[in-house]
$ cat model-v9.txt   # compact mmCIF, C-alpha atoms
# COMPACT_ATOMS: atom_id res chain seq x y z
CA MET A 1 273.85 148.93 11.71
CA LYS A 2 275.82 146.87 14.23
CA ARG A 3 276.90 144.53 11.39
CA VAL A 4 278.04 147.50 9.31
CA LEU A 5 280.08 148.95 12.18
CA ILE A 6 281.78 145.61 12.80
CA LEU A 7 282.62 145.28 9.13
CA LEU A 8 283.96 148.82 9.06
CA GLY A 9 286.26 148.10 11.97
CA LEU A 10 287.56 144.96 10.32
CA THR A 11 288.14 146.54 6.94
CA LEU A 12 290.05 149.45 8.41
CA GLY A 13 292.30 146.92 10.07
CA TRP A 14 292.97 145.30 6.70
CA ALA A 15 294.02 148.51 4.99
CA SER A 16 297.77 148.02 5.34
CA SER A 17 297.68 144.68 3.54
CA GLY A 18 294.76 145.42 1.22
CA PHE A 19 294.28 148.43 -1.02
CA ALA A 20 296.65 150.81 0.73
CA ALA A 21 300.21 151.37 -0.41
CA ASN A 22 302.96 150.69 2.11
CA VAL A 23 305.04 153.68 1.05
CA ASN A 24 303.56 157.13 0.71
CA PRO A 25 305.93 159.78 -0.64
CA VAL A 26 304.49 163.27 -0.63
CA GLY A 27 303.07 164.02 -4.05
CA ASP A 28 303.37 167.33 -5.91
CA ALA A 29 300.19 167.98 -7.90
CA ALA A 30 301.83 170.60 -10.14
CA ALA A 31 304.62 168.23 -11.09
CA GLY A 32 302.07 165.46 -11.62
CA LYS A 33 300.06 167.52 -14.09
CA ASP A 34 303.04 167.71 -16.45
CA MET A 35 303.20 163.91 -16.53
CA THR A 36 299.54 163.30 -17.36
CA VAL A 37 299.50 164.46 -21.00
CA VAL A 38 299.51 160.88 -22.27
CA CYS A 39 297.05 159.83 -19.56
CA SER A 40 294.53 162.44 -20.71
CA ALA A 41 293.83 160.49 -23.91
CA CYS A 42 291.83 157.98 -21.87
CA HIS A 43 291.25 159.65 -18.50
CA GLY A 44 290.56 163.22 -19.61
CA ALA A 45 292.72 166.26 -18.95
CA ASP A 46 291.30 166.65 -15.44
CA GLY A 47 290.73 162.97 -14.72
CA ASN A 48 287.08 162.96 -15.79
CA SER A 49 287.10 160.31 -18.48
CA MET A 50 284.54 159.08 -20.91
CA ALA A 51 283.37 155.48 -20.33
CA PRO A 52 284.70 152.82 -20.13
CA PHE A 53 287.87 154.37 -18.72
CA PRO A 54 287.82 155.15 -14.99
CA LYS A 55 287.40 158.63 -13.62
CA LEU A 56 290.47 159.50 -11.54
CA ALA A 57 289.49 163.02 -10.49
CA GLY A 58 288.98 163.37 -6.76
CA GLN A 59 290.20 159.87 -6.00
CA GLY A 60 292.22 159.34 -2.81
CA GLU A 61 295.99 159.70 -3.28
CA ARG A 62 296.80 156.55 -1.33
CA TYR A 63 294.52 154.39 -3.45
CA LEU A 64 295.75 155.94 -6.70
CA LEU A 65 299.37 155.41 -5.72
CA LYS A 66 298.67 151.76 -4.87
CA GLN A 67 297.04 151.17 -8.26
CA LEU A 68 299.78 152.96 -10.18
CA ASN A 69 302.41 150.87 -8.43
CA ASP A 70 300.49 147.67 -9.09
CA ILE A 71 300.04 148.48 -12.77
CA ARG A 72 303.71 149.42 -13.19
CA ASP A 73 304.92 146.32 -11.36
CA GLY A 74 302.50 143.87 -12.99
CA ALA A 75 300.29 143.12 -9.98
CA ARG A 76 297.32 144.60 -11.84
CA MET A 77 297.06 143.95 -15.56
CA VAL A 78 295.64 146.82 -17.63
CA PRO A 79 296.44 146.13 -21.30
CA SER A 80 295.82 149.73 -22.40
CA MET A 81 298.51 150.91 -19.94
CA THR A 82 301.20 148.41 -20.89
CA GLY A 83 304.59 150.12 -20.73
CA LEU A 84 303.24 153.58 -19.91
CA LEU A 85 304.52 153.56 -16.33
CA ASP A 86 307.70 151.52 -16.79
CA ASP A 87 310.04 154.50 -16.44
CA LYS A 88 308.15 156.19 -13.60
CA THR A 89 309.74 156.45 -10.16
CA GLU A 90 307.85 156.19 -6.90
CA GLN A 91 307.93 159.99 -6.67
CA ASP A 92 306.59 160.33 -10.22
CA LEU A 93 303.65 158.10 -9.37
CA ALA A 94 303.00 160.02 -6.16
CA ASP A 95 302.95 163.27 -8.13
CA ILE A 96 300.49 161.87 -10.66
CA ALA A 97 298.28 160.59 -7.83
CA ALA A 98 298.38 164.01 -6.15
CA TYR A 99 297.34 165.77 -9.35
CA TYR A 100 294.30 163.60 -10.01
CA SER A 101 293.30 163.61 -6.35
CA ALA A 102 293.21 167.42 -6.39
CA GLN A 103 290.70 167.51 -9.27
CA THR A 104 286.91 167.56 -8.91
CA SER A 105 285.00 164.55 -10.12
CA THR A 106 281.89 164.91 -12.24
CA GLY A 107 278.68 163.10 -11.34
CA GLY A 108 276.76 160.28 -12.96
CA GLN A 109 273.25 158.88 -13.08
CA THR A 110 271.44 155.83 -11.74
CA ASN A 111 269.03 153.84 -13.88
CA PRO A 112 265.68 154.24 -12.04
CA ASP A 113 264.79 150.64 -12.83
CA LEU A 114 267.84 149.43 -10.92
CA LEU A 115 267.70 151.89 -8.03
CA GLU A 116 265.94 149.73 -5.42
CA LEU A 117 268.12 146.65 -5.86
CA GLY A 118 271.31 148.66 -6.25
CA ALA A 119 270.63 150.64 -3.07
CA LYS A 120 269.84 147.48 -1.12
CA ILE A 121 273.10 145.79 -2.12
CA TYR A 122 275.20 148.90 -1.54
CA ARG A 123 273.71 149.64 1.88
CA SER A 124 273.05 146.16 3.25
CA GLY A 125 274.93 143.63 1.12
CA VAL A 126 273.45 140.20 0.39
CA ALA A 127 273.36 138.32 3.68
CA ASP A 128 272.49 134.86 2.36
CA ARG A 129 275.52 134.98 0.04
CA LYS A 130 277.85 136.59 2.59
CA VAL A 131 278.21 139.79 0.56
CA ALA A 132 279.16 142.67 2.85
CA ALA A 133 277.59 146.10 2.54
CA CYS A 134 279.62 148.41 0.30
CA ILE A 135 279.21 151.28 2.77
CA ALA A 136 281.58 149.52 5.20
CA CYS A 137 284.58 150.55 3.10
CA HIS A 138 283.26 153.08 0.60
CA SER A 139 280.99 155.14 2.93
CA PRO A 140 277.22 155.75 2.59
CA THR A 141 277.83 158.48 0.01
CA GLY A 142 280.50 156.65 -1.95
CA GLN A 143 283.34 158.93 -0.86
CA GLY A 144 285.51 156.02 0.24
CA ASN A 145 288.10 156.24 3.01
CA ALA A 146 291.16 158.03 1.67
CA PRO A 147 293.43 157.55 4.75
CA ALA A 148 292.74 153.81 4.74
CA GLY A 149 293.23 153.55 1.00
CA PHE A 150 289.67 152.57 0.12
CA PRO A 151 288.57 154.25 -3.14
CA ALA A 152 285.84 156.78 -3.72
CA LEU A 153 283.14 155.38 -6.00
CA ALA A 154 280.52 158.14 -6.26
CA GLY A 155 279.91 159.23 -9.84
CA GLN A 156 282.16 156.57 -11.35
CA HIS A 157 281.08 155.12 -14.69
CA ALA A 158 278.67 152.22 -14.11
CA GLN A 159 280.30 150.25 -16.89
CA TYR A 160 283.74 150.56 -15.30
CA ILE A 161 282.46 149.54 -11.86
CA ALA A 162 280.68 146.53 -13.37
CA ASP A 163 283.78 145.51 -15.32
CA GLN A 164 285.91 145.63 -12.16
CA LEU A 165 283.41 143.66 -10.09
CA ARG A 166 283.35 140.96 -12.74
CA ALA A 167 287.15 140.97 -12.84
CA TYR A 168 287.31 140.58 -9.05
CA ARG A 169 284.69 137.82 -9.20
CA LYS A 170 286.81 135.97 -11.74
CA GLY A 171 289.90 136.61 -9.62
CA TYR A 172 288.33 134.78 -6.68
CA GLU A 173 289.24 131.46 -8.31
CA ASP A 174 291.24 132.41 -11.41
CA THR A 175 294.47 134.42 -11.35
CA GLN A 176 293.57 135.78 -14.79
CA GLY A 177 291.00 137.94 -13.03
CA ARG A 178 291.75 140.97 -10.86
CA THR A 179 293.62 139.97 -7.71
CA ASN A 180 295.29 143.11 -6.33
CA ASP A 181 292.93 143.59 -3.38
CA GLY A 182 295.47 142.18 -0.94
CA GLY A 183 295.73 138.96 1.03
CA SER A 184 292.36 139.52 2.69
CA LYS A 185 290.64 139.27 -0.72
CA ILE A 186 288.10 141.90 0.30
CA MET A 187 286.80 142.61 -3.17
CA ARG A 188 287.22 139.12 -4.57
CA THR A 189 285.20 137.65 -1.71
CA THR A 190 282.50 140.29 -2.05
CA ALA A 191 282.24 140.03 -5.83
CA SER A 192 282.14 136.23 -5.74
CA GLY A 193 278.66 136.41 -4.20
CA LEU A 194 277.21 138.83 -6.75
CA SER A 195 275.19 137.77 -9.78
CA ASP A 196 275.40 139.63 -13.08
CA ASN A 197 272.11 141.32 -12.24
CA ASP A 198 273.43 142.34 -8.81
CA ILE A 199 276.54 143.80 -10.39
CA GLU A 200 274.57 145.79 -12.93
CA ALA A 201 272.26 147.18 -10.25
CA VAL A 202 274.89 148.17 -7.67
CA SER A 203 277.15 149.66 -10.36
CA SER A 204 274.29 151.81 -11.61
CA TYR A 205 273.48 152.91 -8.06
CA ILE A 206 277.11 153.87 -7.42
CA ALA A 207 277.20 155.97 -10.60
CA GLY A 208 274.42 158.16 -9.23
CA LEU A 209 275.91 158.74 -5.78
CA LYS A 210 276.87 162.34 -5.04
$ encode --input "model-v9.txt" --output "structure tokens"
Amino acid sequence: MKRVLILLGLTLGWASSGFAANVNPVGDAAAGKDMTVVCSACHGADGNSMAPFPKLAGQGERYLLKQLNDIRDGARMVPSMTGLLDDKTEQDLADIAAYYSAQTSTGGQTNPDLLELGAKIYRSGVADRKVAACIACHSPTGQGNAPAGFPALAGQHAQYIADQLRAYRKGYEDTQGRTNDGGSKIMRTTASGLSDNDIEAVSSYIAGLK
């Protein structure tokens, strides 16, 4: 527990240079809804997508705004979103983030065969490979830390979580992977110590969090 508390304190200190956006205009959820018609093709009308696209419903506004900015500006490459945000202003993105954040996320399920290992990694990390416990940033129940900009994970599609962990793992040494976790490399460092089996297990566990 002491290790987890120390990690939590450190990660909160990294928020401004990690996941969190530096500018936070006030979003208008009603205005954002009108701009999500195209988005609904992949993410669902209320942000509850079908796999492998991420669920956006109930996600923290600050995290969503950071990702939307990164995708628009090329810091995070998402081929299926190429060009979709090019004409969006900072206020537009804030409105979209506010809309999805105001929605209610649906749940998921954990594969019973992967429960024990997934829970162990999520709650305690992998000490001999210097993998920090996921709860330090994402909370014991997977609700994240919205003010700090750390995303909610509970109920997210296991396939999407696994894909992102592999992308971060690749990004640890290869810029073709995912690298938009800030200068502290929180996610890249964590993912670099996870095996494929670890990733499958913890992703499945996360999907079943409520």
$ atom_distance --input "model-v9.txt" --atom1 "atom CA of A:Gly44" --atom2 "atom CA of A:Pro151"
18.9 Å
$ residues_around --input "model-v9.txt" --residues "A:Leu65" --least-positions-apart "4" --cutoff "7 Å" --atoms "only C-alpha atoms" --output "MDAnalysis selection string"
chainID A and resid 21 61 69 93:94 97
$ atom_distance --input "model-v9.txt" --atom1 "atom CA of A:Lys66" --atom2 "atom CA of A:Lys88"
13.6 Å
$ closest_residue --input "model-v9.txt" --among "A:Ser105, A:Asn180, A:Thr82, A:Gln91" --to "A:Tyr63" --atoms "all atoms listed in the file"
A:Asn180
$ residues_near_point --input "model-v9.txt" --point "(297.7, 162.7, -15.3)" --cutoff "12 Å" --atoms "all atoms listed in the file" --output "MDAnalysis selection string"
chainID A and resid 28:49 55:57 64 68 84:85 92:103
$ closest_residue --input "model-v9.txt" --among "A:Pro54, A:Gly60, A:Asp73, A:Arg188" --to "A:Val131" --atoms "only C-alpha atoms"
A:Arg188
$ residues_around --input "model-v9.txt" --residues "A:Ile121" --least-positions-apart "3" --cutoff "12 Å" --atoms "only C-alpha atoms" --output "number ranges by chain"
A: 114-118, 124-136, 140, 190-191, 193-195, 197-206
$ closest_residue --input "model-v9.txt" --among "A:Asp86, A:Gln143, A:His138, A:Gly149" --to "A:Asn24" --atoms "all atoms listed in the file"
A:Gly149
$ atom_distance --input "model-v9.txt" --atom1 "atom CA of A:Ala51" --atom2 "atom CA of A:Ser192"
24.2 Å
$ residues_around --input "model-v9.txt" --residues "A:Gly142" --least-positions-apart "6" --cutoff "10 Å" --atoms "only C-alpha atoms" --output "mmCIF file with C-alpha atoms, keeping the file's coordinate frame"
data_model
loop_
_atom_site.group_PDB
_atom_site.id
_atom_site.type_symbol
_atom_site.label_atom_id
_atom_site.label_comp_id
_atom_site.auth_asym_id
_atom_site.auth_seq_id
_atom_site.Cartn_x
_atom_site.Cartn_y
_atom_site.Cartn_z
ATOM 1 C CA TYR A 122 275.200 148.900 -1.540
ATOM 2 C CA CYS A 134 279.620 148.410 0.300
ATOM 3 C CA ILE A 135 279.210 151.280 2.770
ATOM 4 C CA PRO A 151 288.570 154.250 -3.140
ATOM 5 C CA ALA A 152 285.840 156.780 -3.720
ATOM 6 C CA LEU A 153 283.140 155.380 -6.000
ATOM 7 C CA ALA A 154 280.520 158.140 -6.260
ATOM 8 C CA GLY A 155 279.910 159.230 -9.840
ATOM 9 C CA GLN A 156 282.160 156.570 -11.350
ATOM 10 C CA ILE A 206 277.110 153.870 -7.420
ATOM 11 C CA ALA A 207 277.200 155.970 -10.600
ATOM 12 C CA GLY A 208 274.420 158.160 -9.230
ATOM 13 C CA LEU A 209 275.910 158.740 -5.780
ATOM 14 C CA LYS A 210 276.870 162.340 -5.040
#
$ decode --input "model-v9.txt" --residues "stretch 98-134 of chain A" --atoms "C-alpha atoms" --output "mmCIF file, in the first residue's frame"
data_model
loop_
_atom_site.group_PDB
_atom_site.id
_atom_site.type_symbol
_atom_site.label_atom_id
_atom_site.label_comp_id
_atom_site.auth_asym_id
_atom_site.auth_seq_id
_atom_site.Cartn_x
_atom_site.Cartn_y
_atom_site.Cartn_z
ATOM 1 C CA ALA A 98 -18.038 17.622 -22.634
ATOM 2 C CA TYR A 99 -20.732 15.727 -24.527
ATOM 3 C CA TYR A 100 -19.063 12.335 -24.279
ATOM 4 C CA SER A 101 -18.047 12.911 -20.665
ATOM 5 C CA ALA A 102 -21.697 13.530 -19.750
ATOM 6 C CA GLN A 103 -22.810 10.147 -21.117
ATOM 7 C CA THR A 104 -23.008 6.902 -19.129
ATOM 8 C CA SER A 105 -20.619 4.132 -20.054
ATOM 9 C CA THR A 106 -21.805 0.565 -20.430
ATOM 10 C CA GLY A 107 -20.022 -2.288 -18.675
ATOM 11 C CA GLY A 108 -17.953 -5.196 -19.912
ATOM 12 C CA GLN A 109 -16.885 -8.649 -18.805
ATOM 13 C CA THR A 110 -13.702 -10.300 -17.580
ATOM 14 C CA ASN A 111 -12.602 -13.700 -18.849
ATOM 15 C CA PRO A 112 -12.662 -15.883 -15.689
ATOM 16 C CA ASP A 113 -9.532 -17.679 -16.844
ATOM 17 C CA LEU A 114 -7.606 -14.405 -16.823
ATOM 18 C CA LEU A 115 -9.096 -12.901 -13.664
ATOM 19 C CA GLU A 116 -6.385 -13.832 -11.156
ATOM 20 C CA LEU A 117 -3.432 -12.642 -13.225
ATOM 21 C CA GLY A 118 -5.250 -9.556 -14.485
ATOM 22 C CA ALA A 119 -6.240 -8.512 -10.965
ATOM 23 C CA LYS A 120 -2.699 -9.029 -9.688
ATOM 24 C CA ILE A 121 -1.169 -6.840 -12.388
ATOM 25 C CA TYR A 122 -3.816 -4.128 -12.065
ATOM 26 C CA ARG A 123 -3.603 -3.949 -8.273
ATOM 27 C CA SER A 124 0.073 -4.651 -7.631
ATOM 28 C CA GLY A 125 1.973 -4.292 -10.904
ATOM 29 C CA VAL A 126 4.924 -6.565 -11.713
ATOM 30 C CA ALA A 127 7.685 -5.671 -9.268
ATOM 31 C CA ASP A 128 10.534 -7.636 -10.862
ATOM 32 C CA ARG A 129 9.924 -5.836 -14.172
ATOM 33 C CA LYS A 130 9.308 -2.417 -12.599
ATOM 34 C CA VAL A 131 5.679 -2.307 -13.757
ATOM 35 C CA ALA A 132 3.684 0.003 -11.501
ATOM 36 C CA ALA A 133 0.218 -0.879 -10.255
ATOM 37 C CA CYS A 134 -2.515 0.470 -12.533
#
